[in-house]
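Note: the block below is structure.cif and it holds mmCIF, C-alpha atoms.
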data_protein
#
loop_
_atom_site.label_atom_id
_atom_site.label_comp_id
_atom_site.auth_asym_id
_atom_site.auth_seq_id
_atom_site.Cartn_x
_atom_site.Cartn_y
_atom_site.Cartn_z
CA MET A 1 -219.48 -83.33 76.94
CA SER A 2 -217.60 -86.37 78.05
CA CYS A 3 -216.20 -88.97 75.68
CA ALA A 4 -215.62 -91.52 78.41
CA PRO A 5 -217.79 -94.62 77.89
CA PRO A 6 -218.78 -95.37 81.52
CA VAL A 7 -221.02 -92.47 82.45
CA PHE A 8 -222.55 -93.81 85.66
CA PRO A 9 -221.44 -96.27 88.30
CA ALA A 10 -223.81 -98.95 89.51
CA ARG A 11 -227.09 -97.59 90.86
CA SER A 12 -226.74 -95.72 94.13
CA ASN A 13 -229.23 -95.53 96.98
CA GLY A 14 -232.47 -93.83 96.02
CA ILE A 15 -231.95 -94.25 92.26
CA LEU A 16 -234.63 -96.40 90.69
CA MET A 17 -232.93 -97.19 87.40
CA HIS A 18 -230.50 -96.00 84.75
CA ILE A 19 -232.05 -95.17 81.36
CA LEU A 20 -229.80 -94.92 78.32
CA THR A 21 -231.43 -93.15 75.34
CA ASP A 22 -230.05 -93.24 71.81
CA VAL A 23 -230.47 -89.65 70.54
CA ARG A 24 -228.27 -89.91 67.44
CA LEU A 25 -231.26 -89.09 65.22
CA LEU A 26 -230.97 -85.47 66.43
CA SER A 27 -227.53 -85.05 64.88
CA LYS A 28 -228.81 -83.43 61.66
CA GLY A 29 -230.68 -80.70 63.50
CA ARG A 30 -233.87 -81.05 61.44
CA ILE A 31 -237.35 -80.08 62.54
CA SER A 32 -239.68 -82.98 61.80
CA GLY A 33 -242.17 -85.17 63.62
CA ILE A 34 -239.64 -87.70 64.90
CA GLU A 35 -237.15 -85.06 66.05
CA GLU A 36 -240.00 -83.18 67.74
CA TYR A 37 -241.07 -86.42 69.43
CA THR A 38 -237.56 -87.10 70.74
CA LYS A 39 -236.80 -83.62 72.06
CA SER A 40 -240.19 -83.10 73.66
CA LEU A 41 -240.30 -86.56 75.20
CA VAL A 42 -236.78 -86.34 76.62
CA GLY A 43 -237.57 -82.96 78.17
CA ALA A 44 -240.68 -84.39 79.82
CA LEU A 45 -238.83 -87.52 80.99
CA LEU A 46 -236.26 -85.36 82.75
CA GLU A 47 -239.03 -83.42 84.50
CA GLU A 48 -240.88 -86.55 85.62
CA GLY A 49 -237.91 -88.86 86.28
CA GLU A 50 -236.10 -87.15 89.13
CA LYS A 51 -235.21 -90.52 90.72
CA GLU A 52 -233.75 -91.97 87.54
CA GLN A 53 -230.31 -91.68 86.03
CA PHE A 54 -230.26 -90.68 82.36
CA SER A 55 -227.55 -91.09 79.76
CA PHE A 56 -227.87 -89.78 76.22
CA PHE A 57 -225.85 -91.53 73.58
CA TYR A 58 -224.73 -89.16 70.82
CA SER A 59 -222.27 -89.79 68.03
CA GLY A 60 -220.98 -88.30 64.81
CA MET A 61 -218.23 -86.03 63.53
CA ARG A 62 -220.43 -83.05 62.70
CA LYS A 63 -223.73 -82.75 64.46
CA ALA A 64 -226.20 -80.26 65.87
CA PRO A 65 -225.75 -79.49 69.59
CA LEU A 66 -228.14 -81.08 72.05
CA PRO A 67 -230.21 -78.78 74.31
CA GLU A 68 -227.92 -77.35 77.01
CA ALA A 69 -230.59 -77.86 79.67
CA TRP A 70 -230.28 -81.63 79.34
CA GLY A 71 -226.64 -81.75 80.42
CA ALA A 72 -227.15 -79.26 83.26
CA ARG A 73 -229.09 -81.72 85.40
CA PRO A 74 -227.21 -83.69 88.09
CA ASN A 75 -228.81 -87.00 87.07
CA VAL A 76 -227.85 -86.64 83.39
CA ARG A 77 -224.72 -87.50 81.43
CA ILE A 78 -224.26 -86.95 77.71
CA VAL A 79 -221.93 -89.44 76.05
CA ASP A 80 -220.52 -88.00 72.85
CA TRP A 81 -218.60 -90.43 70.66
CA LYS A 82 -216.67 -88.87 67.80
CA VAL A 83 -217.55 -91.79 65.51
CA PRO A 84 -219.44 -91.42 62.20
CA ASN A 85 -222.93 -92.89 62.65
CA ARG A 86 -222.73 -94.84 59.40
CA LEU A 87 -219.63 -96.61 60.64
CA LEU A 88 -221.23 -97.19 64.02
CA ASP A 89 -224.40 -98.56 62.43
CA LEU A 90 -222.34 -100.89 60.24
CA SER A 91 -220.51 -102.23 63.28
CA MET A 92 -223.76 -102.74 65.14
CA ARG A 93 -225.37 -104.53 62.20
CA LEU A 94 -222.45 -106.77 61.20
CA PHE A 95 -220.54 -107.32 64.44
CA HIS A 96 -223.22 -106.64 67.09
CA ALA A 97 -220.86 -104.28 68.85
CA PRO A 98 -220.31 -102.18 70.88
CA HIS A 99 -222.55 -103.29 73.75
CA ILE A 100 -223.16 -99.84 75.14
CA ASP A 101 -225.46 -101.05 77.92
CA ARG A 102 -222.52 -102.83 79.59
CA ARG A 103 -220.22 -99.84 79.16
CA MET A 104 -222.76 -97.54 80.80
CA ASN A 105 -224.39 -99.80 83.40
CA ALA A 106 -227.82 -99.25 81.88
CA ASP A 107 -231.01 -100.96 83.03
CA ILE A 108 -233.06 -99.70 80.05
CA VAL A 109 -231.88 -98.87 76.53
CA PHE A 110 -234.50 -96.70 74.83
CA SER A 111 -234.57 -95.89 71.11
CA PRO A 112 -237.14 -93.17 70.24
CA HIS A 113 -236.99 -94.22 66.59
CA PHE A 114 -236.23 -97.50 64.81
CA ASN A 115 -232.74 -96.65 63.69
CA ILE A 116 -230.32 -99.57 63.88
CA LEU A 117 -230.53 -100.44 67.56
CA PRO A 118 -227.44 -100.59 69.73
CA PRO A 119 -226.81 -104.24 70.67
CA VAL A 120 -227.47 -104.99 74.33
CA ARG A 121 -226.79 -107.97 76.59
CA HIS A 122 -228.04 -107.08 80.04
CA ALA A 123 -230.39 -104.10 79.71
CA LYS A 124 -234.03 -104.23 78.65
CA ARG A 125 -234.54 -102.75 75.21
CA VAL A 126 -237.49 -100.46 74.36
CA VAL A 127 -238.07 -98.94 70.92
CA THR A 128 -240.70 -96.57 69.55
CA PHE A 129 -242.32 -97.46 66.22
CA HIS A 130 -243.98 -94.40 64.68
CA ASP A 131 -245.54 -96.13 61.66
CA LEU A 132 -245.01 -98.87 59.08
CA SER A 133 -245.76 -96.78 55.98
CA PHE A 134 -242.50 -97.89 54.36
CA MET A 135 -243.69 -101.51 54.45
CA HIS A 136 -247.12 -100.81 53.01
CA PHE A 137 -246.22 -98.14 50.46
CA PRO A 138 -242.56 -98.41 49.42
CA GLU A 139 -243.36 -96.38 46.29
CA TRP A 140 -243.62 -93.29 48.49
CA TYR A 141 -239.89 -93.40 49.18
CA PRO A 142 -236.79 -92.91 46.97
CA TRP A 143 -234.58 -95.94 46.44
CA LYS A 144 -231.97 -94.75 48.96
CA LYS A 145 -234.64 -94.47 51.63
CA ARG A 146 -236.03 -97.88 50.69
CA ALA A 147 -232.55 -99.37 51.06
CA TRP A 148 -232.15 -97.66 54.43
CA HIS A 149 -235.46 -99.06 55.64
CA TRP A 150 -234.55 -102.53 54.39
CA LEU A 151 -231.28 -102.42 56.31
CA GLN A 152 -233.12 -101.66 59.56
CA ASN A 153 -234.47 -105.23 59.76
CA TYR A 154 -237.65 -104.13 61.51
CA ARG A 155 -238.96 -107.58 62.26
CA GLY A 156 -235.67 -108.46 63.89
CA GLN A 157 -235.63 -105.23 65.89
CA ALA A 158 -239.21 -105.73 67.03
CA ARG A 159 -238.48 -109.29 68.14
CA ALA A 160 -235.28 -108.30 69.94
CA ALA A 161 -236.94 -105.55 71.98
CA GLN A 162 -238.49 -106.38 75.33
CA ALA A 163 -241.17 -103.74 74.71
CA ILE A 164 -242.36 -101.67 71.75
CA VAL A 165 -244.00 -98.26 72.07
CA ALA A 166 -246.63 -97.47 69.43
CA VAL A 167 -247.71 -93.83 69.15
CA SER A 168 -251.32 -94.77 68.38
CA ASP A 169 -253.68 -97.73 68.63
CA PHE A 170 -253.65 -97.87 64.83
CA THR A 171 -249.86 -98.27 64.80
CA ARG A 172 -250.02 -100.85 67.59
CA GLU A 173 -252.48 -103.00 65.64
CA ASP A 174 -250.39 -102.58 62.49
CA ILE A 175 -247.23 -103.76 64.29
CA VAL A 176 -248.99 -106.81 65.72
CA ARG A 177 -250.56 -107.73 62.38
CA THR A 178 -247.73 -106.86 59.98
CA LEU A 179 -244.68 -107.85 62.02
CA GLY A 180 -246.26 -110.78 63.85
CA ILE A 181 -245.50 -109.42 67.32
CA SER A 182 -247.53 -110.47 70.36
CA GLU A 183 -250.05 -107.92 71.59
CA GLU A 184 -248.62 -107.99 75.12
CA LYS A 185 -245.31 -106.66 73.87
CA VAL A 186 -246.67 -103.56 72.11
CA HIS A 187 -247.88 -100.62 74.21
CA THR A 188 -249.82 -97.62 72.94
CA ILE A 189 -248.44 -94.40 74.39
CA HIS A 190 -249.78 -91.36 72.58
CA SER A 191 -247.42 -88.51 71.83
CA GLY A 192 -247.99 -85.05 73.24
CA ILE A 193 -248.05 -81.71 71.49
CA ASN A 194 -245.74 -78.76 71.88
CA PRO A 195 -247.30 -76.31 74.41
CA PHE A 196 -245.91 -73.47 72.28
CA PHE A 197 -248.85 -73.99 69.95
CA ARG A 198 -251.78 -72.11 71.47
CA GLU A 199 -254.32 -69.54 70.41
CA VAL A 200 -253.29 -66.00 69.51
CA ALA A 201 -255.69 -63.33 70.73
CA LYS A 202 -257.36 -61.39 67.95
CA ASP A 203 -256.27 -58.09 69.53
CA ASP A 204 -252.64 -59.21 69.91
CA PRO A 205 -250.54 -56.53 68.17
CA LEU A 206 -248.12 -59.21 66.93
CA ARG A 207 -250.99 -60.82 65.06
CA ALA A 208 -251.85 -57.61 63.22
CA ALA A 209 -248.19 -56.96 62.45
CA PHE A 210 -247.79 -60.50 61.06
CA VAL A 211 -250.85 -60.11 58.83
CA SER A 212 -249.51 -56.87 57.43
CA ALA A 213 -245.93 -58.04 56.97
CA LYS A 214 -246.90 -61.32 55.30
CA ARG A 215 -249.83 -59.95 53.23
CA LEU A 216 -252.41 -62.24 54.81
CA GLU A 217 -255.49 -60.01 54.61
CA ARG A 218 -257.38 -62.56 52.49
CA PRO A 219 -258.88 -65.83 53.84
CA PHE A 220 -256.74 -68.91 53.27
CA LEU A 221 -256.59 -72.66 53.58
CA LEU A 222 -253.42 -73.96 55.22
CA PHE A 223 -251.37 -77.13 54.85
CA ALA A 224 -248.18 -77.81 56.85
CA GLY A 225 -245.92 -80.82 56.37
CA VAL A 226 -243.16 -82.25 54.22
CA LEU A 227 -243.90 -81.86 50.51
CA GLU A 228 -244.00 -85.53 49.51
CA PRO A 229 -246.52 -87.97 47.98
CA ARG A 230 -247.72 -89.39 51.31
CA LYS A 231 -249.10 -86.02 52.42
CA ASN A 232 -251.45 -85.73 49.41
CA VAL A 233 -250.61 -82.09 48.70
CA SER A 234 -251.54 -82.51 45.05
CA GLY A 235 -254.97 -83.64 46.24
CA ILE A 236 -255.32 -80.38 48.15
CA ILE A 237 -254.43 -78.40 45.03
CA ARG A 238 -257.01 -80.30 42.96
CA ALA A 239 -259.67 -79.63 45.59
CA PHE A 240 -258.67 -75.96 45.76
CA ASN A 241 -259.10 -75.67 41.99
CA GLU A 242 -262.68 -76.92 42.30
CA VAL A 243 -263.55 -74.82 45.33
CA LYS A 244 -262.35 -71.66 43.60
CA ARG A 245 -264.89 -72.11 40.81
CA ASP A 246 -267.54 -70.92 43.23
CA PRO A 247 -267.64 -67.08 43.25
CA TYR A 248 -268.13 -67.26 47.04
CA HIS A 249 -264.51 -68.43 47.36
CA ARG A 250 -262.86 -66.08 44.85
CA GLU A 251 -260.80 -64.36 47.57
CA LEU A 252 -259.62 -67.66 49.04
CA GLN A 253 -255.91 -68.51 48.97
CA LEU A 254 -253.99 -71.72 49.64
CA ILE A 255 -250.81 -71.55 51.71
CA ILE A 256 -248.54 -74.59 51.65
CA VAL A 257 -245.89 -74.76 54.38
CA GLY A 258 -243.06 -77.28 54.50
CA ARG A 259 -239.68 -78.32 53.26
CA ARG A 260 -239.20 -80.03 49.92
CA GLY A 261 -239.40 -83.80 50.00
CA TRP A 262 -239.12 -86.60 47.49
CA LEU A 263 -241.10 -86.09 44.25
CA CYS A 264 -242.09 -82.59 45.32
CA ASP A 265 -241.63 -81.39 41.71
CA THR A 266 -245.01 -82.94 40.91
CA ILE A 267 -246.62 -80.72 43.55
CA PHE A 268 -245.07 -77.58 42.08
CA LYS A 269 -246.13 -78.62 38.56
CA ASP A 270 -249.71 -79.14 39.75
CA ALA A 271 -249.69 -75.73 41.38
CA TYR A 272 -248.28 -74.04 38.29
CA ALA A 273 -250.91 -75.73 36.10
CA SER A 274 -253.72 -74.44 38.32
CA PRO A 275 -255.90 -71.69 36.84
CA TRP A 276 -255.67 -70.14 40.32
CA ARG A 277 -251.88 -70.46 40.66
CA SER A 278 -251.52 -66.81 41.70
CA ASP A 279 -253.56 -67.69 44.80
CA ILE A 280 -251.32 -70.63 45.79
CA ARG A 281 -248.42 -69.64 48.04
CA PHE A 282 -245.49 -71.90 48.88
CA TRP A 283 -244.16 -70.68 52.22
CA GLY A 284 -241.18 -73.01 52.55
CA GLU A 285 -240.12 -74.09 56.01
CA ALA A 286 -241.68 -71.99 58.75
CA SER A 287 -240.38 -71.11 62.19
CA TYR A 288 -242.51 -72.16 65.15
CA GLU A 289 -243.51 -68.51 65.59
CA ASP A 290 -244.68 -68.15 61.99
CA LEU A 291 -246.44 -71.53 62.03
CA ARG A 292 -248.35 -70.65 65.19
CA MET A 293 -249.57 -67.43 63.56
CA LEU A 294 -250.54 -69.23 60.36
CA TYR A 295 -252.51 -71.83 62.29
CA ALA A 296 -254.31 -69.09 64.21
CA LEU A 297 -255.19 -67.12 61.06
CA ALA A 298 -256.22 -69.98 58.77
CA SER A 299 -259.85 -70.31 57.74
CA ALA A 300 -259.25 -74.06 57.83
CA PHE A 301 -256.30 -76.40 58.21
CA VAL A 302 -256.38 -79.12 55.54
CA TYR A 303 -254.42 -82.35 56.08
CA PRO A 304 -255.73 -85.24 53.92
CA SER A 305 -252.65 -87.42 54.39
CA PHE A 306 -252.78 -90.97 53.07
CA PHE A 307 -250.94 -92.49 56.03
CA GLU A 308 -249.88 -91.27 59.49
CA GLY A 309 -248.68 -93.13 62.53
CA PHE A 310 -249.78 -90.22 64.74
CA GLY A 311 -250.04 -86.83 63.03
CA PHE A 312 -248.84 -83.71 64.87
CA PRO A 313 -250.03 -80.92 62.50
CA PRO A 314 -253.82 -81.39 62.96
CA LEU A 315 -253.38 -81.21 66.74
CA GLU A 316 -251.10 -78.17 66.52
CA ALA A 317 -253.68 -76.44 64.34
CA GLN A 318 -256.47 -77.24 66.79
CA ALA A 319 -254.39 -75.94 69.69
CA CYS A 320 -254.11 -72.62 67.84
CA GLY A 321 -257.83 -72.43 67.13
CA ALA A 322 -258.04 -73.61 63.51
CA PRO A 323 -260.89 -75.85 62.36
CA VAL A 324 -259.42 -79.00 60.81
CA ILE A 325 -260.22 -81.16 57.79
CA THR A 326 -258.21 -84.36 57.73
CA SER A 327 -258.13 -87.92 56.42
CA ASN A 328 -260.34 -90.76 57.58
CA ARG A 329 -257.44 -93.21 57.15
CA SER A 330 -254.71 -94.68 59.38
CA SER A 331 -254.34 -93.04 62.82
CA LEU A 332 -255.95 -89.69 62.04
CA PRO A 333 -259.56 -90.52 63.06
CA GLU A 334 -258.20 -91.82 66.36
CA ILE A 335 -256.13 -88.69 66.97
CA VAL A 336 -258.79 -86.09 66.11
CA GLY A 337 -261.49 -88.14 67.82
CA GLY A 338 -264.54 -86.60 66.15
CA SER A 339 -263.27 -83.03 66.52
CA ALA A 340 -262.57 -82.51 62.80
CA LEU A 341 -264.17 -83.16 59.44
CA THR A 342 -262.72 -86.36 57.95
CA VAL A 343 -262.65 -87.33 54.28
CA ASP A 344 -261.43 -90.15 52.09
CA PRO A 345 -258.06 -88.80 50.88
CA TRP A 346 -258.43 -90.66 47.59
CA LYS A 347 -261.67 -88.85 46.73
CA THR A 348 -261.16 -85.22 45.75
CA GLU A 349 -264.90 -84.59 45.71
CA GLU A 350 -265.14 -85.35 49.44
CA LEU A 351 -262.41 -82.84 50.21
CA VAL A 352 -264.09 -80.23 48.00
CA TYR A 353 -267.40 -80.74 49.79
CA ALA A 354 -265.78 -80.52 53.25
CA ILE A 355 -263.92 -77.28 52.43
CA ASP A 356 -266.99 -75.67 50.87
CA SER A 357 -269.26 -76.70 53.74
CA LEU A 358 -266.85 -75.50 56.42
CA LEU A 359 -266.13 -72.11 54.86
CA LYS A 360 -269.83 -71.36 54.33
CA ASN A 361 -270.96 -72.39 57.81
CA ASP A 362 -269.90 -70.13 60.69
CA ALA A 363 -271.62 -72.34 63.25
CA LEU A 364 -269.74 -75.42 62.02
CA ARG A 365 -266.41 -73.60 62.20
CA ALA A 366 -267.16 -72.46 65.75
CA GLU A 367 -268.17 -75.99 66.74
CA LEU A 368 -264.98 -77.52 65.33
CA LYS A 369 -262.83 -74.91 67.04
CA LYS A 370 -264.49 -75.73 70.37
CA LYS A 371 -264.17 -79.48 69.85
CA GLY A 372 -260.57 -79.09 68.70
CA ALA A 373 -259.64 -77.15 71.84
CA ALA A 374 -261.12 -79.94 73.96
CA ASN A 375 -259.45 -82.67 71.90
CA VAL A 376 -255.88 -81.38 72.33
CA LYS A 377 -256.21 -81.64 76.10
CA ARG A 378 -255.94 -85.42 75.69
CA PHE A 379 -252.33 -85.11 74.56
CA SER A 380 -249.49 -83.87 76.76
CA TRP A 381 -245.84 -84.78 76.96
CA LYS A 382 -246.16 -85.06 80.73
CA ASN A 383 -248.65 -87.91 80.32
CA THR A 384 -246.47 -89.49 77.63
CA ALA A 385 -243.42 -89.37 79.90
CA ARG A 386 -245.29 -90.76 82.88
CA SER A 387 -246.63 -93.69 80.87
CA LEU A 388 -243.20 -94.42 79.44
CA LEU A 389 -241.50 -94.26 82.84
CA SER A 390 -244.12 -96.65 84.21
CA LEU A 391 -243.27 -99.07 81.40
CA PHE A 392 -239.53 -98.70 82.09
CA ARG A 393 -240.01 -99.35 85.80
CA THR A 394 -242.08 -102.46 85.14
CA LEU A 395 -239.37 -103.82 82.87
CA ALA A 396 -236.55 -102.91 85.26
CA GLU A 397 -238.26 -104.67 88.15
#
What would you get if you wrote out this structure as structure tokens?
Amino acid sequence: MSCAPPVFPARSNGILMHILTDVRLLSKGRISGIEEYTKSLVGALLEEGEKEQFSFFYSGMRKAPLPEAWGARPNVRIVDWKVPNRLLDLSMRLFHAPHIDRRMNADIVFSPHFNILPPVRHAKRVVTFHDLSFMHFPEWYPWKKRAWHWLQNYRGQARAAQAIVAVSDFTREDIVRTLGISEEKVHTIHSGINPFFREVAKDDPLRAAFVSAKRLERPFLLFAGVLEPRKNVSGIIRAFNEVKRDPYHRELQLIIVGRRGWLCDTIFKDAYASPWRSDIRFWGEASYEDLRMLYALASAFVYPSFFEGFGFPPLEAQACGAPVITSNRSSLPEIVGGSALTVDPWKTEELVYAIDSLLKNDALRAELKKKGAANVKRFSWKNTARSLLSLFRTLAE
């Protein structure tokens, strides 16, 4: 990795444009929706943008390594500054420096997340907004996170950008309405899903070995996501308590996958207070391999989140063959497109009815699996990358 600021000379013959992407959000090495978005999108951009030059701006003293395949391409340079990101963000916010577009001869500066944006003078700036949940429901975030969001100055960032990418029509309308941004400036470009998530054949020996090793012989409901108030995990536990009262569901278990988030203690308390607590399993963070198997084995995937800008888990579950129950709020109806049962996340009785109906109706489960498999075909990172490159080219011209 080079530390030299100028990574490319002026555009050479045959090169359409130079795209500088701020990938500092990958420095912590976490697996979450935004990190998944960035890695998958960058990989697809490199496949589709053979006539573009790409620079990836990375910074920090201690950080996770970027994928080796990125730096192996002849049209890619990785610029690694050994500067703490907090110090860099402070400089960008207070002094509007450094102007990295000038240092790197960039035509486009792309931020895949609304971190503090690098100041630019000559390049066109594009930023992805995933959702505005922090503006609508600040109580879902700890005070440090609220302060961080406040410091981002989202209205200012949105106004400074030449184009904004919204990951759903719902998010696009929210940006226009809440931030007062013109409709022409905000472009819906749906995210893709990781092709790793696909069905596992019932006769696959790895499937049988996984069932045996993880003691998954009984039917189970599955949730996957960060354990935090926004995901409504406590609502799932309340619904599970009601469903289990029916003798038909006595063998049913609930498996909750995900890392601990803010206020997760409430979730664990609710689970411990359940009369069926021995049938509630907290998996913790799962590898992609384990998550794919869990999706494939689940009797139903339950995701009654209160607010999502896009929502990867329901699509991942559908790609692996799980019937899905999700929320009828925010972007989720748009993303599942009639291929899942949707409920009001604030009404436990609706979730109870959906779970009970689905588990007792083989024809309904088969129908949702078929519709889910068709639905996921709408979302691919190749299409996302092509749409984004088209936007970049329009701006660069």
Counting only C-alpha atoms, closest pick from A:Arg62, A:Arg207, A:Lys231, A:Arg218 relative to A:Ser133 is A:Lys231
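Nearest residue to A:Leu16, choosing from A:Ile355, A:Leu263, A:Asp344, A:Thr394 and counting all atoms listed in the file: A:Thr394.
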Around (-254.8, -90.6, 59.6), as given in the file, which residues come within 9 Å? Count only C-alpha atoms and list them as number ranges by chain. A: 303-311, 326-336
Convert the output of the PyMOL selection byres ((chain A and resi 83) around 6) on the shown file into explicit residues, formatted as a PyMOL selection string. chain A and resi 59-60+81-82+84
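In this structure, atom CA of A:Arg155 sits 24.7 Å away from atom CA of A:Leu41.
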Reference answer for the PyMOL selection byres ((chain A and resi 176) around 12), as a PyMOL selection string: chain A and resi 129+131-132+155+158-159+164-166+169-175+177-188
So which residues get picked by the PyMOL selection byres ((chain A and resi 21) around 12) here, written as JSON, numbers by chain? {"A": [18, 19, 20, 22, 23, 24, 25, 26, 38, 39, 41, 42, 45, 46, 53, 54, 55, 56, 57, 58, 76, 77, 78, 79, 100, 101, 104, 106, 107, 108, 109, 110, 111, 112, 113, 117, 118, 123, 124, 125, 126, 127, 128, 392]}
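Between atom CA of A:Glu289 and atom CA of A:Ser27 there is a distance of 23.0 Å.
Interatomic distance, atom CA of A:Asp80 to atom CA of A:Gly49: 22.0 Å.
When only C-alpha atoms are used to measure the gap to A:Tyr288, the shortest distance among A:Pro345, A:Gly192, A:Pro247, A:Gly258 belongs to A:Gly258.
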Put the listed atoms of stretch 316-327 of chain A in a box along x, y and z with 5 Å added on every side and give me the centre and edge lengths in Å to one decimal, as AutoDock Vina command-line options.
--center_x -256.0 --center_y -80.2 --center_z 63.1 --size_x 19.8 --size_y 25.5 --size_z 23.3
From the options A:Leu66, A:Ile267, A:Ala363, A:Ala161, which residue's atoms come nearest to A:Leu227, counting all atoms listed in the file? A:Ile267
Please provide as a PDB file with C-alpha atoms, in the frame of the given file all residues within 9 Å of A:Ala44, with the sequence filter that same-chain residues fewer than 5 positions apart are discarded (counting all atoms listed in the file).
ATOM      1  CA  LYS A  39    -236.800 -83.620  72.060  1.00  0.00           C
ATOM      2  CA  GLY A  49    -237.910 -88.860  86.280  1.00  0.00           C
ATOM      3  CA  TRP A 381    -245.840 -84.780  76.960  1.00  0.00           C
ATOM      4  CA  LYS A 382    -246.160 -85.060  80.730  1.00  0.00           C
ATOM      5  CA  ASN A 383    -248.650 -87.910  80.320  1.00  0.00           C
ATOM      6  CA  THR A 384    -246.470 -89.490  77.630  1.00  0.00           C
ATOM      7  CA  ALA A 385    -243.420 -89.370  79.900  1.00  0.00           C
ATOM      8  CA  ARG A 386    -245.290 -90.760  82.880  1.00  0.00           C
TER       9      ARG A 386
END
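With all atoms listed in the file as the basis for measurement, A:Lys369 is the residue among A:Arg281, A:Lys369, A:His136, A:Arg260 that approaches A:Phe301 most closely.
Shortest separation to A:Thr266 among A:Val233, A:Leu291, A:Ala239, A:Leu389 occurs at residue A:Val233, atoms counted being only C-alpha atoms.
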